[in-house]
Structure formats: C-alpha cells, structure tokens
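Heads up, the thing below is written out as structure tokens.
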Amino acid sequence: MNSAPQPQPQPHAQPQPHPHPHPPSAAPHPAPLPLPLDGVTVVAVEQAVSAPFATRQLADLGARVIKVERPDGGDFARGYDTAAHGLASHFVWANRGKESIALDLKDPRGLAALHGLLADADVFVQNLAQGAAARLGLDAAALCARYPRLVAVDISGYGAQGPYAHKRAYDMLVQCEAALVSVTGTPDQPVKAGIPAADIAAAMYAFSGVLAALLRRGATGRGGPVEVSMLDALAEWMGHPLHLTMHGGEEPARTGLAHAVIAPYDAYPTADGDRVLLSVQNDREWRRLAEQVLERPELAEDPAYATNSARTANREKTDAVVAEVLARFEAAEALARLEAAGIACARLNSVAQLAGHPQLAARDRWREIGSPAGPLRALLPPIGLPGGAEPRMGAVPALGEHTDALLRALGMTGAQITALRRDGVIA
C-alpha cells in the first residue's frame, strides 16, 4: 500500500491557531459486533440432553431456536427433577433462550405445521430414537432433498448403520460401550462420569458441525446433512487411553484421582479436612517440590524418586511422602506453598464451592435468566467474543409457550388453532 504524499512545510509560514479550543476527543468506541448467529433460525425436535444442549449453544450465539415438543408433557427432561425452583435442573441448563411449540407430529396437521416452520429455517436438529425421524420423513437426507439450503442434523446413539443402530442409547449406557467407565474409578470399582459425558460430547460435535455446515453453505449455497453419534463422539474423547492400549499393548489402570502415568499427580488430605490436588509434570518440578515444599532435597537425587518413571513405579511411596507433609497444613497454606514453588495445584471443590468460585465471580461470569419459576442464576457460555454483543441468554420456555404465536405467523386463524388444541394436536 503506497503512502499518500505528505505536504511540505512553507518557508517562514506563520503558525495558525487551532480551530478548536481543545484537542479533539478520542474516536467513539465502535458499536458492538452482532452475535454471529443473528438471523439464523433453528428448528429442533429434541429431548433429554444431547440435541437440547447443542441448540442452546446456537441460541446463546444469537440464533432463534424453535423447540418442538410433544403436547402430552413435552421434552421428558422437564420431569427429571424439581430442583430449580420447581423446574428440572437438566431442562433449565439445556433449554434457555428457546421458543416452545407443542405439536403432535404423528398427526398430519402437526407435521404440516412443522414443515411450515422448516420452510424458513436454516438448521434442523433431531435426536429421536433411531428410525423415528425417518418414519416421519424428518431424517437429514430427506429434509435436505426437500429444502436444499437446510442444514439438517441427526444425533443418534450409535449411528444409522451397524448392529447397534437400533439399540437404546442413554448416556450411561454409551459411557460403558465407549469404555469411559473402564478408565474411571478406583482399582476395585469402575464408575461412570458424574456428568452426562456422552450427551455433552455429541452435543458439542453437533454444535460445531452446524457451524461448519453454515460456513460451507455460505460458500456453496447448499446446506446438507450433519451426522453425530454419541458413541463416535465419546470414542474420540477416549483418544489417549485408546491409543495407549492399541499401540502400547496395555490398558490404563483405574487410579482414582491419580494420573495413570504421572506421579505425584493426586489429591492429598490437609489438616482441615479438605483435599489438595497437585501435579508434577517433569523432574524439574519434582526437584522444586522436594526442596521447597517437602523440605527433603535429597529426594531430587534419590534414584527411587528422581525420574517420573521411578516415581510412578514407586507410586505408593511417592504419595506417602507427599501426603505426610501436606497433612501438616490447612488447605489454604498448602496451596500457597505449592504456588510459591511453582507447582500446579488445585483445591478439590464441591459443587457448592464451584457455585461460589471466586474466579467465576471476579470475571463476572454469572447472569440471571428468566423462567416460568422466576429468575434463575446461570453461567455465561464459555465462548467469549470480545467486542461483540453479550451472549443472548434468553428465558427457559414453558411447554407450548409460543405455540399460538408461531402458528399465527404461519397464517393460521384463531379458529384453526382452537380446533387443533381441542383435538390434542397442539398444546
């Protein structure tokens, strides 16, 4: 880029007064960028966790999400518990910012209303039982043939083909099939993850798949199918133990809070009844731990402890040395000593402590969202877009809260809507 020629000073020119009595103020801040999915409409026939959590991410980023539910109770996750002021905690977590329409899709009139919504939609997401969407003509292949610009997502348990295609797929079942349970727990007892890891994995791949497909549509004008299975998603997350086993010939042992191949890397009790987790990633860190925290510098040179391989082989002795020292201190002092020595560490928090975590508070991560039960506290989504509008954390919808408005927007009259409600087609 060439620079414009600069004016040359005139000889003996007299200084001219500044036209303003004060220097001009700084340029105004530009208006925030819009949310990246403003103008995108998503229609979702969804239930439980995987699809709802995926579409909630889209709603947070500005998409309009229309949640299609059954008239007779809606998404069954609405009934999991009543912990959130009478609402189900799973449902509150995964369904903010959506509009709810209750349609009986087995009735031709309900299915026709859904197609009315799809005619103007950009994205369709479904996680019905395998085969159910295809029977209704709502599988991704059929919809993309009918609506070429539509991005249509099928989320399944095990995929559309193969011997497990029609097998029921709930989160804990898939955790077992994907071997996550085999590497989680103590040497004596395998345990499932404490969160719905298979559902969340599938949700996040569906979310990123939608974004990728929308980018492709921007270049080609065509949408297309997106397929995600819970087993595929969680098998990908099992990459480290999978490669360790396939190529190393030995399955990782369950080690509780300890790391399978690094020591010390575990949680240790402190004098006040808490537990502090520390991680020594290399032998330089072990030297610092031995000298500055354990106050036993000789352990840095002792062949039984000097290398990670030796410490892992002597895990019980290594852990005993660390535990004996940390048990002398309260958690806060233990953490301070570890931090001063440059050792990675953390407090083993409860869920209640997470809710009061000082880092979340300091970074202003909490907001209030609306719901049928009143305001509820919720975390901002993890994706930050500095310089843009804040994520759209809309209200949690009541079942069928938006049915009438959405049907009127499709051109239905009040009499038609009344008749559908009378016949149980809508709620």
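Residues in the structure tokens are named by chain (A, B, ... in the order shown) and by number from 1 within that chain; ligands are numbered from 1 in the order shown.
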
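Near Lys98 in chain A, within a cut-off of 8 Å and counting only C-alpha atoms, sit the residues Arg56, Ala59, Arg64, Val65, Ile66, Lys67, Asn95, Gly394, Ala395, Val396 and Pro397 of chain A, with same-chain residues fewer than 3 positions away left out.
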
Prev. selection, C-alpha atoms, output as a PDB file, in the first residue's frame:
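Produced file again.pdb, reproduced below:
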```pdb
ATOM      1  CA  ARG A  56     -28.706 -23.992  23.399  1.00  0.00           C
ATOM      2  CA  ALA A  59     -29.303 -19.800  20.899  1.00  0.00           C
ATOM      3  CA  ARG A  64     -33.619 -18.189  17.023  1.00  0.00           C
ATOM      4  CA  VAL A  65     -34.307 -21.715  18.277  1.00  0.00           C
ATOM      5  CA  ILE A  66     -37.811 -23.163  17.987  1.00  0.00           C
ATOM      6  CA  LYS A  67     -38.125 -26.226  20.195  1.00  0.00           C
ATOM      7  CA  ASN A  95     -33.041 -25.028  27.107  1.00  0.00           C
ATOM      8  CA  GLY A 394     -32.956 -15.936  26.967  1.00  0.00           C
ATOM      9  CA  ALA A 395     -35.624 -17.383  29.210  1.00  0.00           C
ATOM     10  CA  VAL A 396     -36.400 -21.054  29.740  1.00  0.00           C
ATOM     11  CA  PRO A 397     -39.752 -21.629  27.990  1.00  0.00           C
TER      12      PRO A 397
END
```

Spatial neighbours of Asp120 in chain A, 12 Å, only C-alpha atoms, chain gap at least 4 places, as a PyMOL selection string: chain A and resi 39-43+64+66+114-116+124+147-151+409-410

Atoms to include: C-alpha atoms. Write the selected residues as a PDB file, in the first residue's frame.
```
ATOM      1  CA  GLY A  39     -30.738 -14.101  11.688  1.00  0.00           C
ATOM      2  CA  VAL A  40     -30.256 -17.888  11.807  1.00  0.00           C
ATOM      3  CA  THR A  41     -33.405 -19.895  12.582  1.00  0.00           C
ATOM      4  CA  VAL A  42     -33.109 -23.360  14.104  1.00  0.00           C
ATOM      5  CA  VAL A  43     -35.976 -25.834  14.438  1.00  0.00           C
ATOM      6  CA  ARG A  64     -33.619 -18.189  17.023  1.00  0.00           C
ATOM      7  CA  ILE A  66     -37.811 -23.163  17.987  1.00  0.00           C
ATOM      8  CA  LEU A 114     -43.564 -28.340  11.376  1.00  0.00           C
ATOM      9  CA  HIS A 115     -42.909 -28.164   7.641  1.00  0.00           C
ATOM     10  CA  GLY A 116     -44.286 -24.638   7.692  1.00  0.00           C
ATOM     11  CA  PHE A 124     -32.948 -28.592  11.804  1.00  0.00           C
ATOM     12  CA  TYR A 147     -35.005 -27.978   1.463  1.00  0.00           C
ATOM     13  CA  PRO A 148     -31.608 -27.653  -0.269  1.00  0.00           C
ATOM     14  CA  ARG A 149     -30.378 -24.743   1.891  1.00  0.00           C
ATOM     15  CA  LEU A 150     -31.244 -26.506   5.149  1.00  0.00           C
ATOM     16  CA  VAL A 151     -28.530 -27.839   7.449  1.00  0.00           C
ATOM     17  CA  ALA A 409     -47.078 -16.432  11.998  1.00  0.00           C
ATOM     18  CA  LEU A 410     -47.684 -19.401   9.672  1.00  0.00           C
TER      19      LEU A 410
END
```

From the DSSP assignment of the backbone, select every residue of range 331-395 of chain A that is alpha helix (DSSP H), and format the answer as a ChimeraX atom specification. /A:331-340,351-355,358-362

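Proximity of A:Asp122, A:Gly387, A:His90, A:Asp272 to Leu214 in chain A, computed with only C-alpha atoms, is greatest for A:Asp122.
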
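Using only C-alpha atoms, the nearest neighbour of Ala267 in chain A within the list A:Arg347, A:His357, A:Lys167, A:Arg96 is A:Arg347.
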
Residues within 12 Å of Ser89 in chain A, only C-alpha atoms, excluding chain neighbours under 2 positions, as a ChimeraX atom specification: /A:48-49,77-87,91-96,371,373,376-378,396

Report, in Å with one decimal, the straight-line distance from CA of Leu406 in chain A to CA of Ile426 in chain A. 11.5 Å

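In this comparison, which uses only C-alpha atoms, the residue of A:Asp274, A:Asp266, A:Asp283, A:Asp171 approaching Thr307 in chain A most closely is A:Asp283.
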
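Rounded to one decimal, CA of Ser50 in chain A and CA of Ala206 in chain A lie 8.5 Å from each other.
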
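Of note, CA of Trp286 in chain A and CA of Glu330 in chain A are spaced 21.6 Å apart.
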
Neighbour list for range 177-180 of chain A as number ranges by chain, cut-off 10 Å, only C-alpha atoms, skip fewer than 5 positions in-chain: A: 158, 169, 171-172, 185, 190-193, 197-198, 230-238, 241-242

Export of the given selection (N, CA and C atoms) as a CSV table (one decimal), in the first residue's frame:
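What follows is the written file out-v6.csv:
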```
chain,number,residue,atom,x,y,z
A,158,TYR,N,-25.7,-44.6,18.2
A,158,TYR,CA,-24.7,-45.4,17.7
A,158,TYR,C,-24.5,-45.3,16.2
A,169,ALA,N,-29.9,-45.9,23.6
A,169,ALA,CA,-28.6,-45.3,23.8
A,169,ALA,C,-28.8,-44.1,24.8
A,171,ASP,N,-27.1,-42.0,28.2
A,171,ASP,CA,-25.8,-41.6,28.4
A,171,ASP,C,-24.9,-42.6,29.1
A,172,MET,N,-25.4,-43.2,30.2
A,172,MET,CA,-24.5,-44.1,31.0
A,172,MET,C,-24.3,-45.4,30.2
A,185,GLY,N,-12.6,-44.4,38.0
A,185,GLY,CA,-12.9,-45.0,39.3
A,185,GLY,C,-11.6,-45.5,40.0
A,190,PRO,N,-15.1,-49.6,38.9
A,190,PRO,CA,-15.3,-48.7,37.9
A,190,PRO,C,-16.5,-47.8,38.2
A,191,VAL,N,-16.5,-46.6,37.7
A,191,VAL,CA,-17.6,-45.7,38.0
A,191,VAL,C,-17.9,-44.9,36.7
A,192,LYS,N,-19.1,-44.4,36.5
A,192,LYS,CA,-19.5,-43.6,35.4
A,192,LYS,C,-19.0,-42.1,35.7
A,193,ALA,N,-18.8,-41.3,34.7
A,193,ALA,CA,-18.6,-39.9,34.9
A,193,ALA,C,-19.8,-39.3,35.6
A,197,ALA,N,-21.4,-37.3,30.1
A,197,ALA,CA,-20.3,-37.1,29.2
A,197,ALA,C,-20.6,-37.4,27.7
A,198,ALA,N,-21.3,-38.5,27.5
A,198,ALA,CA,-21.7,-38.9,26.1
A,198,ALA,C,-22.6,-37.9,25.5
A,230,MET,N,-23.4,-40.5,19.6
A,230,MET,CA,-22.9,-40.4,20.9
A,230,MET,C,-21.6,-41.3,21.1
A,231,LEU,N,-21.7,-42.5,20.5
A,231,LEU,CA,-20.5,-43.4,20.6
A,231,LEU,C,-19.3,-42.9,19.9
A,232,ASP,N,-19.5,-42.4,18.7
A,232,ASP,CA,-18.4,-41.8,17.9
A,232,ASP,C,-17.8,-40.6,18.7
A,233,ALA,N,-18.6,-39.8,19.3
A,233,ALA,CA,-18.1,-38.6,20.0
A,233,ALA,C,-17.3,-39.0,21.2
A,234,LEU,N,-17.9,-39.9,22.0
A,234,LEU,CA,-17.2,-40.3,23.2
A,234,LEU,C,-15.9,-41.1,22.9
A,235,ALA,N,-16.0,-42.0,21.9
A,235,ALA,CA,-14.8,-42.7,21.5
A,235,ALA,C,-13.7,-41.8,21.1
A,236,GLU,N,-14.0,-40.6,20.5
A,236,GLU,CA,-13.0,-39.7,20.2
A,236,GLU,C,-12.4,-39.1,21.5
A,237,TRP,N,-13.2,-38.8,22.4
A,237,TRP,CA,-12.7,-38.3,23.7
A,237,TRP,C,-11.8,-39.3,24.5
A,238,MET,N,-12.0,-40.6,24.1
A,238,MET,CA,-11.2,-41.7,24.7
A,238,MET,C,-9.9,-41.8,24.0
A,241,PRO,N,-6.4,-43.0,26.2
A,241,PRO,CA,-6.4,-44.5,26.6
A,241,PRO,C,-6.5,-45.4,25.4
A,242,LEU,N,-7.2,-45.0,24.4
A,242,LEU,CA,-7.4,-45.9,23.2
A,242,LEU,C,-6.0,-46.1,22.5
```

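With only C-alpha atoms taken into account, the protein and nucleic acid residues at most 10 Å from range 132-136 of chain A (excluding it and anything under 4 positions from it in its own chain) are Val45, Leu105, Lys106, Pro108, Leu111, Gln126, Asn127, Leu128, Ala140, Ala141, Ala142, Leu143 and Asp154 of chain A.
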
Contacts of range 411-424 of chain A at 10 Å or less, counting only C-alpha atoms, minus same-chain residues fewer than 2 places along, as a PyMOL selection string? chain A and resi 71-72+102-104+107+109-110+113+116+403-409+426-427

Save the residues we just selected, C-alpha atoms, as a PDB file, in the first residue's frame?
```pdb
ATOM      1  CA  PRO A  71     -48.243 -31.922  23.611  1.00  0.00           C
ATOM      2  CA  ASP A  72     -48.505 -34.598  26.329  1.00  0.00           C
ATOM      3  CA  ALA A 102     -46.074 -28.313  21.247  1.00  0.00           C
ATOM      4  CA  LEU A 103     -47.054 -30.373  18.181  1.00  0.00           C
ATOM      5  CA  ASP A 104     -48.229 -33.946  17.683  1.00  0.00           C
ATOM      6  CA  ASP A 107     -50.986 -36.096  13.235  1.00  0.00           C
ATOM      7  CA  ARG A 109     -51.750 -31.343  10.775  1.00  0.00           C
ATOM      8  CA  GLY A 110     -48.938 -31.215  13.339  1.00  0.00           C
ATOM      9  CA  ALA A 113     -47.127 -27.122  10.847  1.00  0.00           C
ATOM     10  CA  GLY A 116     -44.286 -24.638   7.692  1.00  0.00           C
ATOM     11  CA  THR A 403     -47.387 -22.326  20.089  1.00  0.00           C
ATOM     12  CA  ASP A 404     -50.106 -19.802  19.279  1.00  0.00           C
ATOM     13  CA  ALA A 405     -47.732 -17.057  18.153  1.00  0.00           C
ATOM     14  CA  LEU A 406     -45.785 -19.394  15.891  1.00  0.00           C
ATOM     15  CA  LEU A 407     -48.902 -20.848  14.302  1.00  0.00           C
ATOM     16  CA  ARG A 408     -50.336 -17.377  13.716  1.00  0.00           C
ATOM     17  CA  ALA A 409     -47.078 -16.432  11.998  1.00  0.00           C
ATOM     18  CA  ILE A 426     -51.084 -28.807  19.927  1.00  0.00           C
ATOM     19  CA  ALA A 427     -50.607 -27.595  23.483  1.00  0.00           C
TER      20      ALA A 427
END
```

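Excluding Ala260 in chain A and any residue on its chain fewer than 5 positions from it, the residues at most 12 Å away by only C-alpha atoms are Val183, Thr184, Gly185, Thr186, Pro187, His240, Pro241, Leu244, Glu250, Glu251, Pro252, Ala253, Arg254, Thr255, Tyr265, Asp266, Asn308, Ser309, Arg311, Thr312, Ala313 and Arg315 of chain A.
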
Test item, strand (DSSP E) assignment across range 190-384 of chain A, answer as JSON, numbers by chain: {"A": [224, 225, 226, 227, 228, 229, 265, 266, 267, 268, 269, 275, 276, 277, 278, 279, 344, 345, 346, 347, 366, 367, 368, 369, 376, 377, 378, 379]}

Those residues you just picked out, can you put them in a file as a PDB file, in the first residue's frame with N, CA and C atoms?
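Final output, selection_5.pdb:
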```
ATOM      1  N   GLY A 224     -27.101 -29.258   3.869  1.00  0.00           N
ATOM      2  CA  GLY A 224     -26.647 -30.639   3.836  1.00  0.00           C
ATOM      3  C   GLY A 224     -26.759 -31.306   5.187  1.00  0.00           C
ATOM      4  N   PRO A 225     -26.663 -32.639   5.187  1.00  0.00           N
ATOM      5  CA  PRO A 225     -26.781 -33.392   6.436  1.00  0.00           C
ATOM      6  C   PRO A 225     -25.550 -33.257   7.325  1.00  0.00           C
ATOM      7  N   VAL A 226     -25.779 -33.369   8.623  1.00  0.00           N
ATOM      8  CA  VAL A 226     -24.721 -33.490   9.625  1.00  0.00           C
ATOM      9  C   VAL A 226     -25.091 -34.696  10.482  1.00  0.00           C
ATOM     10  N   GLU A 227     -24.184 -35.641  10.651  1.00  0.00           N
ATOM     11  CA  GLU A 227     -24.447 -36.839  11.444  1.00  0.00           C
ATOM     12  C   GLU A 227     -23.484 -36.897  12.626  1.00  0.00           C
ATOM     13  N   VAL A 228     -24.026 -37.119  13.804  1.00  0.00           N
ATOM     14  CA  VAL A 228     -23.223 -37.256  15.017  1.00  0.00           C
ATOM     15  C   VAL A 228     -23.792 -38.404  15.828  1.00  0.00           C
ATOM     16  N   SER A 229     -22.942 -39.317  16.274  1.00  0.00           N
ATOM     17  CA  SER A 229     -23.401 -40.348  17.195  1.00  0.00           C
ATOM     18  C   SER A 229     -22.704 -40.178  18.540  1.00  0.00           C
ATOM     19  N   TYR A 265       0.619 -37.080  41.129  1.00  0.00           N
ATOM     20  CA  TYR A 265      -0.480 -36.377  40.479  1.00  0.00           C
ATOM     21  C   TYR A 265      -1.740 -36.938  41.106  1.00  0.00           C
ATOM     22  N   ASP A 266      -2.152 -36.346  42.252  1.00  0.00           N
ATOM     23  CA  ASP A 266      -3.246 -36.925  43.020  1.00  0.00           C
ATOM     24  C   ASP A 266      -3.746 -35.859  43.994  1.00  0.00           C
ATOM     25  N   ALA A 267      -4.799 -36.194  44.724  1.00  0.00           N
ATOM     26  CA  ALA A 267      -5.334 -35.316  45.766  1.00  0.00           C
ATOM     27  C   ALA A 267      -4.904 -35.850  47.124  1.00  0.00           C
ATOM     28  N   TYR A 268      -4.493 -34.952  47.999  1.00  0.00           N
ATOM     29  CA  TYR A 268      -3.948 -35.328  49.300  1.00  0.00           C
ATOM     30  C   TYR A 268      -4.695 -34.591  50.408  1.00  0.00           C
ATOM     31  N   PRO A 269      -5.029 -35.277  51.512  1.00  0.00           N
ATOM     32  CA  PRO A 269      -5.762 -34.633  52.612  1.00  0.00           C
ATOM     33  C   PRO A 269      -4.913 -33.563  53.290  1.00  0.00           C
ATOM     34  N   ARG A 275      -9.043 -31.456  50.636  1.00  0.00           N
ATOM     35  CA  ARG A 275      -8.036 -32.170  49.865  1.00  0.00           C
ATOM     36  C   ARG A 275      -7.473 -31.230  48.806  1.00  0.00           C
ATOM     37  N   VAL A 276      -6.181 -31.332  48.601  1.00  0.00           N
ATOM     38  CA  VAL A 276      -5.474 -30.503  47.632  1.00  0.00           C
ATOM     39  C   VAL A 276      -4.859 -31.419  46.586  1.00  0.00           C
ATOM     40  N   LEU A 277      -5.105 -31.094  45.337  1.00  0.00           N
ATOM     41  CA  LEU A 277      -4.544 -31.882  44.239  1.00  0.00           C
ATOM     42  C   LEU A 277      -3.321 -31.160  43.698  1.00  0.00           C
ATOM     43  N   LEU A 278      -2.254 -31.901  43.457  1.00  0.00           N
ATOM     44  CA  LEU A 278      -1.072 -31.312  42.829  1.00  0.00           C
ATOM     45  C   LEU A 278      -0.624 -32.188  41.675  1.00  0.00           C
ATOM     46  N   SER A 279       0.085 -31.557  40.757  1.00  0.00           N
ATOM     47  CA  SER A 279       0.562 -32.270  39.568  1.00  0.00           C
ATOM     48  C   SER A 279       2.009 -31.900  39.309  1.00  0.00           C
ATOM     49  N   ALA A 344       1.835 -26.902  40.004  1.00  0.00           N
ATOM     50  CA  ALA A 344       0.418 -26.828  39.655  1.00  0.00           C
ATOM     51  C   ALA A 344      -0.420 -27.492  40.738  1.00  0.00           C
ATOM     52  N   CYS A 345      -1.485 -26.812  41.160  1.00  0.00           N
ATOM     53  CA  CYS A 345      -2.274 -27.344  42.267  1.00  0.00           C
ATOM     54  C   CYS A 345      -3.693 -26.815  42.197  1.00  0.00           C
ATOM     55  N   ALA A 346      -4.575 -27.448  42.947  1.00  0.00           N
ATOM     56  CA  ALA A 346      -5.980 -27.042  42.980  1.00  0.00           C
ATOM     57  C   ALA A 346      -6.612 -27.569  44.252  1.00  0.00           C
ATOM     58  N   ARG A 347      -7.663 -26.890  44.673  1.00  0.00           N
ATOM     59  CA  ARG A 347      -8.474 -27.395  45.766  1.00  0.00           C
ATOM     60  C   ARG A 347      -9.523 -28.344  45.187  1.00  0.00           C
ATOM     61  N   TRP A 366     -21.564 -14.744  35.989  1.00  0.00           N
ATOM     62  CA  TRP A 366     -22.932 -15.125  36.324  1.00  0.00           C
ATOM     63  C   TRP A 366     -23.941 -14.119  35.780  1.00  0.00           C
ATOM     64  N   ARG A 367     -25.073 -14.637  35.315  1.00  0.00           N
ATOM     65  CA  ARG A 367     -26.191 -13.812  34.873  1.00  0.00           C
ATOM     66  C   ARG A 367     -27.486 -14.396  35.447  1.00  0.00           C
ATOM     67  N   GLU A 368     -28.571 -13.656  35.310  1.00  0.00           N
ATOM     68  CA  GLU A 368     -29.897 -14.179  35.641  1.00  0.00           C
ATOM     69  C   GLU A 368     -30.665 -14.411  34.357  1.00  0.00           C
ATOM     70  N   ILE A 369     -31.358 -15.529  34.289  1.00  0.00           N
ATOM     71  CA  ILE A 369     -32.219 -15.819  33.144  1.00  0.00           C
ATOM     72  C   ILE A 369     -33.650 -15.967  33.632  1.00  0.00           C
ATOM     73  N   LEU A 376     -33.477 -17.200  37.456  1.00  0.00           N
ATOM     74  CA  LEU A 376     -32.562 -18.269  37.847  1.00  0.00           C
ATOM     75  C   LEU A 376     -31.146 -17.851  37.495  1.00  0.00           C
ATOM     76  N   ARG A 377     -30.207 -18.251  38.331  1.00  0.00           N
ATOM     77  CA  ARG A 377     -28.798 -17.939  38.108  1.00  0.00           C
ATOM     78  C   ARG A 377     -28.225 -18.900  37.069  1.00  0.00           C
ATOM     79  N   ALA A 378     -27.422 -18.390  36.157  1.00  0.00           N
ATOM     80  CA  ALA A 378     -26.831 -19.240  35.117  1.00  0.00           C
ATOM     81  C   ALA A 378     -25.495 -18.660  34.704  1.00  0.00           C
ATOM     82  N   LEU A 379     -24.599 -19.537  34.261  1.00  0.00           N
ATOM     83  CA  LEU A 379     -23.279 -19.119  33.799  1.00  0.00           C
ATOM     84  C   LEU A 379     -23.326 -18.642  32.355  1.00  0.00           C
TER      85      LEU A 379
END
```
